[in-house]
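Text of my_file-v4.cif (mmCIF, C-alpha atoms) as supplied:
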```cif
data_input
loop_
_atom_site.group_PDB
_atom_site.id
_atom_site.type_symbol
_atom_site.label_atom_id
_atom_site.label_comp_id
_atom_site.auth_asym_id
_atom_site.auth_seq_id
_atom_site.Cartn_x
_atom_site.Cartn_y
_atom_site.Cartn_z
ATOM 1 C CA MET A 14 -56.409 -15.569 14.911
ATOM 2 C CA PRO A 15 -58.337 -12.441 13.874
ATOM 3 C CA GLU A 16 -57.485 -9.216 15.720
ATOM 4 C CA THR A 17 -60.855 -7.424 15.703
ATOM 5 C CA GLU A 18 -61.632 -8.166 19.357
ATOM 6 C CA THR A 19 -59.680 -8.354 22.573
ATOM 7 C CA TRP A 20 -58.218 -11.807 23.063
ATOM 8 C CA THR A 21 -59.310 -12.742 26.535
ATOM 9 C CA ILE A 22 -58.419 -16.084 28.091
ATOM 10 C CA GLY A 23 -61.975 -17.312 27.520
ATOM 11 C CA ARG A 24 -62.017 -16.240 23.890
ATOM 12 C CA LEU A 25 -58.679 -17.896 23.221
ATOM 13 C CA LEU A 26 -59.954 -21.149 24.657
ATOM 14 C CA THR A 27 -63.197 -21.064 22.670
ATOM 15 C CA TRP A 28 -61.504 -20.208 19.368
ATOM 16 C CA THR A 29 -58.746 -22.771 19.819
ATOM 17 C CA THR A 30 -61.165 -25.531 20.781
ATOM 18 C CA GLU A 31 -63.084 -24.985 17.537
ATOM 19 C CA TYR A 32 -59.859 -24.717 15.535
ATOM 20 C CA LEU A 33 -58.444 -28.003 16.849
ATOM 21 C CA THR A 34 -61.780 -29.785 16.575
ATOM 22 C CA ASP A 35 -62.018 -28.798 12.904
ATOM 23 C CA ARG A 36 -58.613 -30.431 12.399
ATOM 24 C CA GLY A 37 -59.710 -33.704 13.897
ATOM 25 C CA VAL A 38 -58.072 -33.340 17.302
ATOM 26 C CA SER A 39 -59.962 -35.293 19.959
ATOM 27 C CA GLY A 40 -60.187 -33.711 23.399
ATOM 28 C CA ALA A 41 -59.643 -30.311 21.826
ATOM 29 C CA ARG A 42 -60.928 -28.307 24.811
ATOM 30 C CA LEU A 43 -58.633 -30.025 27.271
ATOM 31 C CA ASP A 44 -55.711 -29.642 24.889
ATOM 32 C CA ALA A 45 -56.435 -25.937 24.528
ATOM 33 C CA GLU A 46 -56.499 -25.475 28.294
ATOM 34 C CA VAL A 47 -53.270 -27.409 28.869
ATOM 35 C CA LEU A 48 -51.450 -25.498 26.130
ATOM 36 C CA LEU A 49 -52.680 -22.082 27.258
ATOM 37 C CA ALA A 50 -51.713 -22.818 30.851
ATOM 38 C CA GLU A 51 -48.258 -23.798 29.600
ATOM 39 C CA ALA A 52 -47.956 -20.617 27.554
ATOM 40 C CA ARG A 53 -48.967 -18.471 30.555
ATOM 41 C CA GLY A 54 -46.889 -20.435 33.045
ATOM 42 C CA CYS A 55 -49.859 -21.146 35.299
ATOM 43 C CA ALA A 56 -51.971 -24.055 36.508
ATOM 44 C CA ARG A 57 -54.866 -25.051 34.248
ATOM 45 C CA ILE A 58 -57.415 -24.237 36.954
ATOM 46 C CA ASP A 59 -56.062 -20.670 37.097
ATOM 47 C CA LEU A 60 -57.371 -20.031 33.596
ATOM 48 C CA TYR A 61 -60.915 -19.875 34.909
ATOM 49 C CA ALA A 62 -60.085 -17.213 37.471
ATOM 50 C CA ALA A 63 -58.642 -15.167 34.601
ATOM 51 C CA TYR A 64 -61.335 -16.068 32.076
ATOM 52 C CA GLY A 65 -62.265 -12.502 31.197
ATOM 53 C CA GLU A 66 -58.753 -11.069 31.336
ATOM 54 C CA PRO A 67 -56.812 -10.126 28.196
ATOM 55 C CA ALA A 68 -53.905 -12.422 27.308
ATOM 56 C CA ASP A 69 -50.593 -10.608 26.950
ATOM 57 C CA GLU A 70 -48.756 -10.777 23.641
ATOM 58 C CA LYS A 71 -45.918 -12.942 24.969
ATOM 59 C CA ALA A 72 -48.346 -15.624 26.121
ATOM 60 C CA ARG A 73 -50.340 -15.378 22.903
ATOM 61 C CA ALA A 74 -47.215 -15.839 20.771
ATOM 62 C CA ALA A 75 -46.165 -18.902 22.758
ATOM 63 C CA PHE A 76 -49.707 -20.259 22.614
ATOM 64 C CA ARG A 77 -49.936 -19.793 18.839
ATOM 65 C CA GLU A 78 -46.821 -21.871 18.324
ATOM 66 C CA LEU A 79 -48.046 -24.649 20.621
ATOM 67 C CA VAL A 80 -51.447 -24.729 18.910
ATOM 68 C CA ARG A 81 -49.810 -24.845 15.477
ATOM 69 C CA ARG A 82 -47.719 -27.846 16.451
ATOM 70 C CA ARG A 83 -50.706 -29.556 18.105
ATOM 71 C CA ALA A 84 -52.758 -29.097 14.926
ATOM 72 C CA GLU A 85 -49.901 -30.750 13.013
ATOM 73 C CA GLY A 86 -50.170 -33.792 15.269
ATOM 74 C CA THR A 87 -47.557 -33.375 17.985
ATOM 75 C CA PRO A 88 -48.962 -34.853 21.233
ATOM 76 C CA VAL A 89 -49.718 -32.379 24.001
ATOM 77 C CA ALA A 90 -47.509 -34.257 26.459
ATOM 78 C CA TYR A 91 -44.473 -33.718 24.243
ATOM 79 C CA LEU A 92 -45.353 -30.056 23.733
ATOM 80 C CA VAL A 93 -45.479 -29.346 27.462
ATOM 81 C CA GLY A 94 -42.882 -31.958 28.407
ATOM 82 C CA LYS A 95 -44.946 -33.694 31.068
ATOM 83 C CA ARG A 96 -47.847 -36.025 31.722
ATOM 84 C CA GLU A 97 -49.884 -36.936 34.786
ATOM 85 C CA PHE A 98 -49.885 -40.590 35.754
ATOM 86 C CA TYR A 99 -51.238 -42.117 38.961
ATOM 87 C CA SER A 100 -51.880 -38.552 40.228
ATOM 88 C CA MET A 101 -48.184 -37.735 39.815
ATOM 89 C CA GLU A 102 -46.431 -35.562 37.245
ATOM 90 C CA PHE A 103 -43.780 -37.121 35.020
ATOM 91 C CA GLN A 104 -41.407 -35.644 32.487
ATOM 92 C CA VAL A 105 -41.823 -37.047 28.980
ATOM 93 C CA THR A 106 -39.980 -36.461 25.713
ATOM 94 C CA PRO A 107 -40.147 -38.160 22.293
ATOM 95 C CA ASP A 108 -37.539 -40.604 23.665
ATOM 96 C CA VAL A 109 -40.236 -42.322 25.756
ATOM 97 C CA LEU A 110 -43.834 -43.417 25.401
ATOM 98 C CA ILE A 111 -46.484 -41.151 26.856
ATOM 99 C CA PRO A 112 -47.887 -42.902 29.967
ATOM 100 C CA ARG A 113 -51.458 -44.062 29.529
ATOM 101 C CA PRO A 114 -54.276 -44.673 32.024
ATOM 102 C CA GLU A 115 -54.378 -48.386 31.147
ATOM 103 C CA THR A 116 -50.928 -48.816 32.663
ATOM 104 C CA GLU A 117 -52.222 -47.542 36.003
ATOM 105 C CA LEU A 118 -54.017 -50.888 36.315
ATOM 106 C CA LEU A 119 -50.639 -52.616 36.070
ATOM 107 C CA VAL A 120 -49.313 -50.416 38.884
ATOM 108 C CA ILE A 121 -52.390 -50.948 41.071
ATOM 109 C CA THR A 122 -52.272 -54.714 40.564
ATOM 110 C CA LEU A 123 -48.593 -54.926 41.454
ATOM 111 C CA LEU A 124 -48.976 -52.661 44.495
ATOM 112 C CA ASP A 125 -51.628 -55.030 45.830
ATOM 113 C CA ARG A 126 -49.281 -57.976 45.294
ATOM 114 C CA LEU A 127 -46.403 -56.172 46.994
ATOM 115 C CA LYS A 128 -48.487 -55.287 50.037
ATOM 116 C CA ALA A 129 -49.577 -58.919 50.390
ATOM 117 C CA PHE A 130 -45.952 -60.024 50.101
ATOM 118 C CA ALA A 131 -44.845 -57.524 52.747
ATOM 119 C CA GLU A 132 -47.514 -58.764 55.153
ATOM 120 C CA ALA A 133 -46.522 -62.405 54.660
ATOM 121 C CA ASN A 134 -42.734 -62.061 54.717
ATOM 122 C CA ASP A 135 -40.100 -60.521 56.947
ATOM 123 C CA ARG A 136 -37.995 -59.060 54.124
ATOM 124 C CA ASN A 137 -38.358 -56.437 51.439
ATOM 125 C CA PRO A 138 -39.414 -57.781 48.027
ATOM 126 C CA THR A 139 -37.095 -57.433 45.053
ATOM 127 C CA VAL A 140 -38.740 -55.972 41.949
ATOM 128 C CA CYS A 141 -37.546 -55.551 38.371
ATOM 129 C CA ASP A 142 -39.245 -53.116 35.995
ATOM 130 C CA CYS A 143 -38.294 -54.487 32.581
ATOM 131 C CA GLY A 144 -38.499 -51.789 29.905
ATOM 132 C CA THR A 145 -39.005 -48.873 32.276
ATOM 133 C CA GLY A 146 -39.344 -46.102 29.649
ATOM 134 C CA SER A 147 -40.120 -42.876 31.487
ATOM 135 C CA GLY A 148 -39.880 -44.754 34.784
ATOM 136 C CA VAL A 149 -43.508 -44.328 35.795
ATOM 137 C CA ILE A 150 -43.938 -47.876 37.098
ATOM 138 C CA ALA A 151 -40.705 -47.981 39.099
ATOM 139 C CA VAL A 152 -41.254 -44.504 40.535
ATOM 140 C CA CYS A 153 -44.863 -45.221 41.515
ATOM 141 C CA LEU A 154 -43.762 -48.408 43.278
ATOM 142 C CA ALA A 155 -41.047 -46.524 45.141
ATOM 143 C CA VAL A 156 -43.431 -43.748 46.189
ATOM 144 C CA HIS A 157 -46.571 -45.731 46.983
ATOM 145 C CA GLY A 158 -45.455 -49.288 47.677
ATOM 146 C CA PRO A 159 -43.918 -50.991 50.699
ATOM 147 C CA ALA A 160 -40.145 -50.872 51.006
ATOM 148 C CA CYS A 161 -38.731 -52.625 47.945
ATOM 149 C CA GLU A 162 -35.430 -53.221 46.225
ATOM 150 C CA ILE A 163 -36.196 -51.948 42.713
ATOM 151 C CA THR A 164 -34.186 -52.453 39.521
ATOM 152 C CA ALA A 165 -35.309 -50.688 36.342
ATOM 153 C CA LEU A 166 -34.117 -51.786 32.908
ATOM 154 C CA ASP A 167 -34.288 -50.193 29.491
ATOM 155 C CA ILE A 168 -32.408 -50.678 26.242
ATOM 156 C CA SER A 169 -32.490 -46.914 25.583
ATOM 157 C CA PRO A 170 -29.937 -44.668 27.364
ATOM 158 C CA ALA A 171 -32.135 -41.663 26.562
ATOM 159 C CA ALA A 172 -35.137 -43.299 28.232
ATOM 160 C CA LEU A 173 -33.069 -44.101 31.310
ATOM 161 C CA ARG A 174 -32.053 -40.442 31.582
ATOM 162 C CA ILE A 175 -35.717 -39.418 31.581
ATOM 163 C CA ALA A 176 -36.603 -42.152 34.084
ATOM 164 C CA THR A 177 -33.808 -41.094 36.413
ATOM 165 C CA ALA A 178 -34.933 -37.467 36.192
ATOM 166 C CA ASN A 179 -38.456 -38.535 37.126
ATOM 167 C CA ALA A 180 -37.148 -40.489 40.092
ATOM 168 C CA HIS A 181 -35.267 -37.392 41.270
ATOM 169 C CA ARG A 182 -38.406 -35.301 40.768
ATOM 170 C CA HIS A 183 -40.222 -37.553 43.237
ATOM 171 C CA ASP A 184 -37.255 -38.022 45.598
ATOM 172 C CA VAL A 185 -36.893 -41.772 45.075
ATOM 173 C CA ALA A 186 -33.804 -41.944 42.842
ATOM 174 C CA GLU A 187 -31.769 -43.652 45.554
ATOM 175 C CA GLN A 188 -34.341 -46.434 45.836
ATOM 176 C CA ILE A 189 -33.961 -47.579 42.222
ATOM 177 C CA ALA A 190 -31.018 -49.178 40.423
ATOM 178 C CA TRP A 191 -30.936 -48.256 36.735
ATOM 179 C CA VAL A 192 -29.511 -50.679 34.169
ATOM 180 C CA GLU A 193 -29.147 -50.253 30.412
ATOM 181 C CA SER A 194 -30.264 -53.640 29.116
ATOM 182 C CA ASP A 195 -32.189 -55.385 26.345
ATOM 183 C CA LEU A 196 -34.614 -57.236 28.597
ATOM 184 C CA PHE A 197 -32.302 -59.095 31.042
ATOM 185 C CA ALA A 198 -29.212 -59.255 28.811
ATOM 186 C CA GLY A 199 -27.302 -56.639 30.807
ATOM 187 C CA VAL A 200 -28.366 -57.776 34.290
ATOM 188 C CA ASP A 201 -26.100 -59.646 36.700
ATOM 189 C CA PRO A 202 -26.776 -63.345 35.964
ATOM 190 C CA GLN A 203 -26.975 -64.033 39.688
ATOM 191 C CA ALA A 204 -29.693 -61.451 40.333
ATOM 192 C CA ARG A 205 -33.058 -62.849 41.397
ATOM 193 C CA PHE A 206 -36.375 -61.078 41.829
ATOM 194 C CA ASP A 207 -39.636 -61.716 43.625
ATOM 195 C CA PHE A 208 -41.548 -59.703 41.031
ATOM 196 C CA VAL A 209 -40.922 -58.723 37.438
ATOM 197 C CA VAL A 210 -43.200 -56.119 35.900
ATOM 198 C CA SER A 211 -43.269 -54.946 32.306
ATOM 199 C CA ASN A 212 -45.203 -52.823 29.857
ATOM 200 C CA PRO A 213 -43.538 -54.294 26.758
ATOM 201 C CA PRO A 214 -44.016 -53.363 23.117
ATOM 202 C CA TYR A 215 -47.075 -55.309 21.966
ATOM 203 C CA ILE A 216 -48.277 -53.676 18.749
ATOM 204 C CA SER A 217 -48.067 -55.687 15.528
ATOM 205 C CA GLN A 218 -46.706 -54.235 12.316
ATOM 206 C CA ALA A 219 -50.167 -54.300 10.761
ATOM 207 C CA GLU A 220 -51.703 -52.553 13.761
ATOM 208 C CA MET A 221 -49.015 -49.847 13.678
ATOM 209 C CA ALA A 222 -50.428 -48.665 10.362
ATOM 210 C CA THR A 223 -53.848 -48.139 11.954
ATOM 211 C CA LEU A 224 -52.665 -46.062 14.919
ATOM 212 C CA ALA A 225 -53.513 -42.365 15.151
ATOM 213 C CA PRO A 226 -50.839 -40.286 13.390
ATOM 214 C CA GLU A 227 -49.925 -38.514 16.625
ATOM 215 C CA VAL A 228 -48.968 -41.895 18.085
ATOM 216 C CA ARG A 229 -47.508 -43.555 15.001
ATOM 217 C CA ASP A 230 -45.508 -40.534 13.844
ATOM 218 C CA HIS A 231 -44.299 -39.122 17.170
ATOM 219 C CA GLU A 232 -43.869 -41.790 19.842
ATOM 220 C CA PRO A 233 -40.799 -44.080 19.698
ATOM 221 C CA PRO A 234 -41.724 -46.993 17.394
ATOM 222 C CA GLU A 235 -39.356 -49.397 19.138
ATOM 223 C CA ALA A 236 -41.390 -48.951 22.333
ATOM 224 C CA LEU A 237 -44.645 -49.644 20.495
ATOM 225 C CA CYS A 238 -44.085 -52.281 17.844
ATOM 226 C CA ALA A 239 -42.974 -55.766 18.883
ATOM 227 C CA GLY A 240 -42.805 -57.197 15.374
ATOM 228 C CA GLU A 241 -44.992 -58.882 12.820
ATOM 229 C CA THR A 242 -47.422 -60.449 15.304
ATOM 230 C CA GLY A 243 -47.098 -58.162 18.329
ATOM 231 C CA ILE A 244 -46.148 -60.984 20.667
ATOM 232 C CA GLU A 245 -42.428 -61.205 19.860
ATOM 233 C CA VAL A 246 -41.146 -59.293 22.888
ATOM 234 C CA ILE A 247 -43.463 -61.147 25.275
ATOM 235 C CA ALA A 248 -42.216 -64.439 23.809
ATOM 236 C CA ARG A 249 -38.646 -63.371 24.703
ATOM 237 C CA LEU A 250 -39.657 -61.959 28.088
ATOM 238 C CA LEU A 251 -41.147 -65.178 29.487
ATOM 239 C CA PRO A 252 -38.116 -67.491 29.306
ATOM 240 C CA GLN A 253 -35.712 -64.746 30.394
ATOM 241 C CA THR A 254 -37.925 -63.876 33.358
ATOM 242 C CA ALA A 255 -38.192 -67.553 34.323
ATOM 243 C CA GLU A 256 -34.421 -67.561 34.813
ATOM 244 C CA ARG A 257 -34.576 -64.500 37.075
ATOM 245 C CA LEU A 258 -37.629 -65.082 39.264
ATOM 246 C CA CYS A 259 -37.495 -66.682 42.678
ATOM 247 C CA GLU A 260 -39.663 -69.768 43.101
ATOM 248 C CA GLY A 261 -43.221 -68.577 43.557
ATOM 249 C CA GLY A 262 -42.267 -65.182 42.146
ATOM 250 C CA MET A 263 -44.594 -63.334 39.800
ATOM 251 C CA LEU A 264 -44.408 -61.789 36.367
ATOM 252 C CA LEU A 265 -46.991 -59.098 35.634
ATOM 253 C CA PHE A 266 -47.202 -57.439 32.231
ATOM 254 C CA GLU A 267 -49.552 -55.344 30.151
ATOM 255 C CA ILE A 268 -51.025 -56.594 26.892
ATOM 256 C CA SER A 269 -53.306 -55.498 24.121
ATOM 257 C CA PRO A 270 -56.724 -57.153 24.522
ATOM 258 C CA MET A 271 -56.290 -58.455 20.971
ATOM 259 C CA LEU A 272 -53.366 -60.589 22.153
ATOM 260 C CA GLU A 273 -55.179 -62.355 24.989
ATOM 261 C CA GLN A 274 -55.611 -65.700 23.248
ATOM 262 C CA GLN A 275 -52.067 -65.688 21.882
ATOM 263 C CA VAL A 276 -50.709 -64.924 25.337
ATOM 264 C CA ARG A 277 -52.745 -67.718 26.898
ATOM 265 C CA GLU A 278 -51.373 -70.154 24.315
ATOM 266 C CA LEU A 279 -47.833 -68.910 24.914
ATOM 267 C CA VAL A 280 -48.192 -69.418 28.669
ATOM 268 C CA ASP A 281 -49.626 -72.904 28.103
ATOM 269 C CA ARG A 282 -46.397 -73.751 26.262
ATOM 270 C CA SER A 283 -44.243 -72.312 29.068
ATOM 271 C CA PRO A 284 -43.826 -74.879 31.873
ATOM 272 C CA ALA A 285 -42.020 -72.293 33.975
ATOM 273 C CA PHE A 286 -45.242 -70.371 34.546
ATOM 274 C CA GLN A 287 -48.759 -70.850 35.766
ATOM 275 C CA LEU A 288 -51.402 -68.329 34.744
ATOM 276 C CA ASP A 289 -52.738 -66.724 37.908
ATOM 277 C CA SER A 290 -55.200 -64.286 36.333
ATOM 278 C CA ILE A 291 -55.704 -61.637 33.659
ATOM 279 C CA ALA A 292 -57.036 -58.385 35.089
ATOM 280 C CA LYS A 293 -59.483 -56.397 32.976
ATOM 281 C CA ASP A 294 -59.472 -52.645 32.513
ATOM 282 C CA LEU A 295 -62.452 -50.343 33.042
ATOM 283 C CA ALA A 296 -63.711 -51.159 29.560
ATOM 284 C CA GLY A 297 -63.774 -54.860 30.425
ATOM 285 C CA HIS A 298 -60.801 -55.711 28.203
ATOM 286 C CA ALA A 299 -57.978 -58.086 29.161
ATOM 287 C CA ARG A 300 -55.072 -55.888 30.179
ATOM 288 C CA VAL A 301 -52.744 -57.210 32.927
ATOM 289 C CA VAL A 302 -51.422 -60.767 32.811
ATOM 290 C CA GLN A 303 -50.287 -62.246 36.127
ATOM 291 C CA LEU A 304 -48.082 -65.346 36.076
ATOM 292 C CA THR A 305 -46.540 -67.332 38.927
ATOM 293 C CA ARG A 306 -43.232 -69.107 38.504
ATOM 294 C CA THR A 307 -43.675 -72.775 39.200
ATOM 295 C CA ALA A 308 -41.637 -75.043 41.464
ATOM 296 C CA THR A 309 -41.040 -77.253 38.419
ATOM 297 C CA ALA A 310 -39.067 -74.449 36.790
ATOM 298 C CA SER A 311 -36.968 -74.012 39.914
ATOM 299 C CA HIS A 312 -36.200 -77.751 40.029
ATOM 300 C CA GLU A 313 -35.243 -77.851 36.361
ATOM 301 C CA ARG A 314 -32.877 -74.908 36.735
ATOM 302 C CA SER A 315 -31.117 -76.423 39.743
ATOM 303 C CA GLU A 316 -30.400 -79.698 37.947
#
```

Since I need it in another form, could you write the structure as structure tokens?
Amino acid sequence: MPETETWTIGRLLTWTTEYLTDRGVSGARLDAEVLLAEARGCARIDLYAAYGEPADEKARAAFRELVRRRAEGTPVAYLVGKREFYSMEFQVTPDVLIPRPETELLVITLLDRLKAFAEANDRNPTVCDCGTGSGVIAVCLAVHGPACEITALDISPAALRIATANAHRHDVAEQIAWVESDLFAGVDPQARFDFVVSNPPYISQAEMATLAPEVRDHEPPEALCAGETGIEVIARLLPQTAERLCEGGMLLFEISPMLEQQVRELVDRSPAFQLDSIAKDLAGHARVVQLTRTATASHERSE
């Protein structure tokens, strides 16, 4: 950054936006604002009240380092250690995926199902968040949903630490049971749930190579890539969930729109489930699969 003029907040934002844009960073202006707010220890909206004020050297030094790392590809959420999701702030580190807006549809869909369940039944629903990651789904359910008994699973101890911290941040830690588990492998075999929700890995190996470098090179690959076809984890999730759902219970999970036909075919081969619907995101793409566990599956298990 040249030193010939006073570095005001506004000038820093303008220069950095151009700098990041030239390096192929999308959303460069927003990134610049988030990083400068982090460096100054203020809210992003406060930058505009201080637009013409000089930035002190301490803030500028911190900002330079953040901008350098952003230009190298590190995601903003990892640089500032947090991300907004469902109008709530969550801690994130490279141990967990960065929450994305598409997953909010999964939360909204499940909240609607939970409210309908609460109105029709005289007990609290039991919910399992399979592959909780940063805990955004479980925490949102605990904060915004009806009273539920929530269990959150993840194979990664580091992810569970982040998820637990996020639950404490939003004062719902006591409402969620945390279990280190590869899908349902570590769960009490007698446990049964009314709802299972999951945002599983669903990227194929070929698709991984096409992802933006900031995703491919920085986010945990085991939380992104399911295997050669992208459907491997979902194929494991369905039969394991069938063993854990109450009769009439529901499995809701996020998919890539590219997997819609494969998922439909997989469900067709799974007598334990009936396809209820596939909700579409704002772009009109298939995103949230909703399955109901059939009575046939319950009968077969009891025999």

- request: Mind checking which residues fall within 9 Å of segment 76-92 of chain A, counting all atoms listed in the file, ignoring those fewer than 2 positions away in the same chain, and posting them as a VMD selection string?
  value: chain A and resid 14 29 32 to 33 36 to 38 44 to 45 47 to 53 71 to 74 94 to 96 104 to 107 111 226 to 228 230 to 232

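Taking atom CA of Ala308 of chain A as the reference point, atom CA of Gly261 of chain A is found at 7.0 Å.
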
List, as a PDB file with C-alpha atoms, in the frame of the given file, every residue that the PyMOL selection byres ((chain A and resi 174) around 12) selects in the file provided.
```
ATOM      1  CA  GLN A 104     -41.407 -35.644  32.487  1.00  0.00           C
ATOM      2  CA  VAL A 105     -41.823 -37.047  28.980  1.00  0.00           C
ATOM      3  CA  THR A 106     -39.980 -36.461  25.713  1.00  0.00           C
ATOM      4  CA  ASP A 108     -37.539 -40.604  23.665  1.00  0.00           C
ATOM      5  CA  VAL A 109     -40.236 -42.322  25.756  1.00  0.00           C
ATOM      6  CA  THR A 145     -39.005 -48.873  32.276  1.00  0.00           C
ATOM      7  CA  GLY A 146     -39.344 -46.102  29.649  1.00  0.00           C
ATOM      8  CA  SER A 147     -40.120 -42.876  31.487  1.00  0.00           C
ATOM      9  CA  GLY A 148     -39.880 -44.754  34.784  1.00  0.00           C
ATOM     10  CA  ALA A 165     -35.309 -50.688  36.342  1.00  0.00           C
ATOM     11  CA  LEU A 166     -34.117 -51.786  32.908  1.00  0.00           C
ATOM     12  CA  ASP A 167     -34.288 -50.193  29.491  1.00  0.00           C
ATOM     13  CA  ILE A 168     -32.408 -50.678  26.242  1.00  0.00           C
ATOM     14  CA  SER A 169     -32.490 -46.914  25.583  1.00  0.00           C
ATOM     15  CA  PRO A 170     -29.937 -44.668  27.364  1.00  0.00           C
ATOM     16  CA  ALA A 171     -32.135 -41.663  26.562  1.00  0.00           C
ATOM     17  CA  ALA A 172     -35.137 -43.299  28.232  1.00  0.00           C
ATOM     18  CA  LEU A 173     -33.069 -44.101  31.310  1.00  0.00           C
ATOM     19  CA  ILE A 175     -35.717 -39.418  31.581  1.00  0.00           C
ATOM     20  CA  ALA A 176     -36.603 -42.152  34.084  1.00  0.00           C
ATOM     21  CA  THR A 177     -33.808 -41.094  36.413  1.00  0.00           C
ATOM     22  CA  ALA A 178     -34.933 -37.467  36.192  1.00  0.00           C
ATOM     23  CA  ASN A 179     -38.456 -38.535  37.126  1.00  0.00           C
ATOM     24  CA  ALA A 180     -37.148 -40.489  40.092  1.00  0.00           C
ATOM     25  CA  HIS A 181     -35.267 -37.392  41.270  1.00  0.00           C
ATOM     26  CA  ALA A 186     -33.804 -41.944  42.842  1.00  0.00           C
ATOM     27  CA  TRP A 191     -30.936 -48.256  36.735  1.00  0.00           C
ATOM     28  CA  VAL A 192     -29.511 -50.679  34.169  1.00  0.00           C
ATOM     29  CA  GLU A 193     -29.147 -50.253  30.412  1.00  0.00           C
TER      30      GLU A 193
END
```

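The interatomic distance for the pair atom CA of Gln218 of chain A and atom CA of Gly243 of chain A works out to 7.2 Å.
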
What residues have an atom no more than 10 Å from (-42.9, -55.7, 13.6) in the file's own frame, counting only C-alpha atoms, and can you write them as a PDB file with C-alpha atoms, keeping the file's coordinate frame?
```
ATOM      1  CA  PRO A 214     -44.016 -53.363  23.117  1.00  0.00           C
ATOM      2  CA  TYR A 215     -47.075 -55.309  21.966  1.00  0.00           C
ATOM      3  CA  ILE A 216     -48.277 -53.676  18.749  1.00  0.00           C
ATOM      4  CA  SER A 217     -48.067 -55.687  15.528  1.00  0.00           C
ATOM      5  CA  GLN A 218     -46.706 -54.235  12.316  1.00  0.00           C
ATOM      6  CA  ALA A 219     -50.167 -54.300  10.761  1.00  0.00           C
ATOM      7  CA  GLU A 220     -51.703 -52.553  13.761  1.00  0.00           C
ATOM      8  CA  MET A 221     -49.015 -49.847  13.678  1.00  0.00           C
ATOM      9  CA  PRO A 234     -41.724 -46.993  17.394  1.00  0.00           C
ATOM     10  CA  GLU A 235     -39.356 -49.397  19.138  1.00  0.00           C
ATOM     11  CA  LEU A 237     -44.645 -49.644  20.495  1.00  0.00           C
ATOM     12  CA  CYS A 238     -44.085 -52.281  17.844  1.00  0.00           C
ATOM     13  CA  ALA A 239     -42.974 -55.766  18.883  1.00  0.00           C
ATOM     14  CA  GLY A 240     -42.805 -57.197  15.374  1.00  0.00           C
ATOM     15  CA  GLU A 241     -44.992 -58.882  12.820  1.00  0.00           C
ATOM     16  CA  THR A 242     -47.422 -60.449  15.304  1.00  0.00           C
ATOM     17  CA  GLY A 243     -47.098 -58.162  18.329  1.00  0.00           C
ATOM     18  CA  ILE A 244     -46.148 -60.984  20.667  1.00  0.00           C
ATOM     19  CA  GLU A 245     -42.428 -61.205  19.860  1.00  0.00           C
TER      20      GLU A 245
END
```

task: Return as a PyMOL selection string the set of residues that the PyMOL selection byres ((chain A and resi 286) around 10) yields on the displayed structure.
output: chain A and resi 251-252+254-255+261-264+280-285+287-289+303-310

- request: Taking the file above as input, evaluate the PyMOL selection byres ((chain A and resi 126) around 12) and report the hits as an MDAnalysis selection string.
  value: chainID A and resid 119:125 127:133 138 140 154 158:159 207:210 262:265 289 303:305

statement: What separates atom CA of Asp35 of chain A and atom CA of Gly23 of chain A is a distance of 18.6 Å

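Summary of the local environment: counting only C-alpha atoms, residues at most 12 Å from Pro114 of chain A, other than itself and those fewer than 4 positions away along its chain, are A:Arg96, A:Glu97, A:Phe98, A:Tyr99, A:Ser100, A:Leu118, A:Leu119, A:Val120, A:Ile121, A:Val149, A:Ile150, A:Glu267, A:Asp294, A:Leu295, A:Ala296, A:Arg300.
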
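Compared by their closest atoms to Val301 of chain A, and using only C-alpha atoms, the residues A:Thr116, A:Gln275, A:Thr139, A:Gln203 rank with A:Thr116 nearest.
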
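Shortest separation to Pro213 of chain A among A:Leu25, A:Leu43, A:Leu196, A:Ala292 occurs at residue A:Leu196, atoms counted being only C-alpha atoms.
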
Within 10 Å of Gln253 of chain A, counting only C-alpha atoms, which residues qualify if same-chain residues fewer than 5 places away don't, as an mmCIF file with C-alpha atoms, keeping the file's coordinate frame?
```cif
data_model
loop_
_atom_site.group_PDB
_atom_site.id
_atom_site.type_symbol
_atom_site.label_atom_id
_atom_site.label_comp_id
_atom_site.auth_asym_id
_atom_site.auth_seq_id
_atom_site.Cartn_x
_atom_site.Cartn_y
_atom_site.Cartn_z
ATOM 1 C CA LEU A 196 -34.614 -57.236 28.597
ATOM 2 C CA PHE A 197 -32.302 -59.095 31.042
ATOM 3 C CA ALA A 198 -29.212 -59.255 28.811
ATOM 4 C CA ILE A 247 -43.463 -61.147 25.275
ATOM 5 C CA ALA A 248 -42.216 -64.439 23.809
ATOM 6 C CA LEU A 258 -37.629 -65.082 39.264
#
```

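Residue nearest Arg24 of chain A, chosen from A:Ala62, A:Ala68, A:Leu250, A:Ala225 and counting all atoms listed in the file: A:Ala68.
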
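For the set A:Ser290, A:Ala63, A:Asp69, A:Arg182, the residue with the smallest atom-to-atom gap to Arg277 of chain A is A:Ser290, counting only C-alpha atoms.
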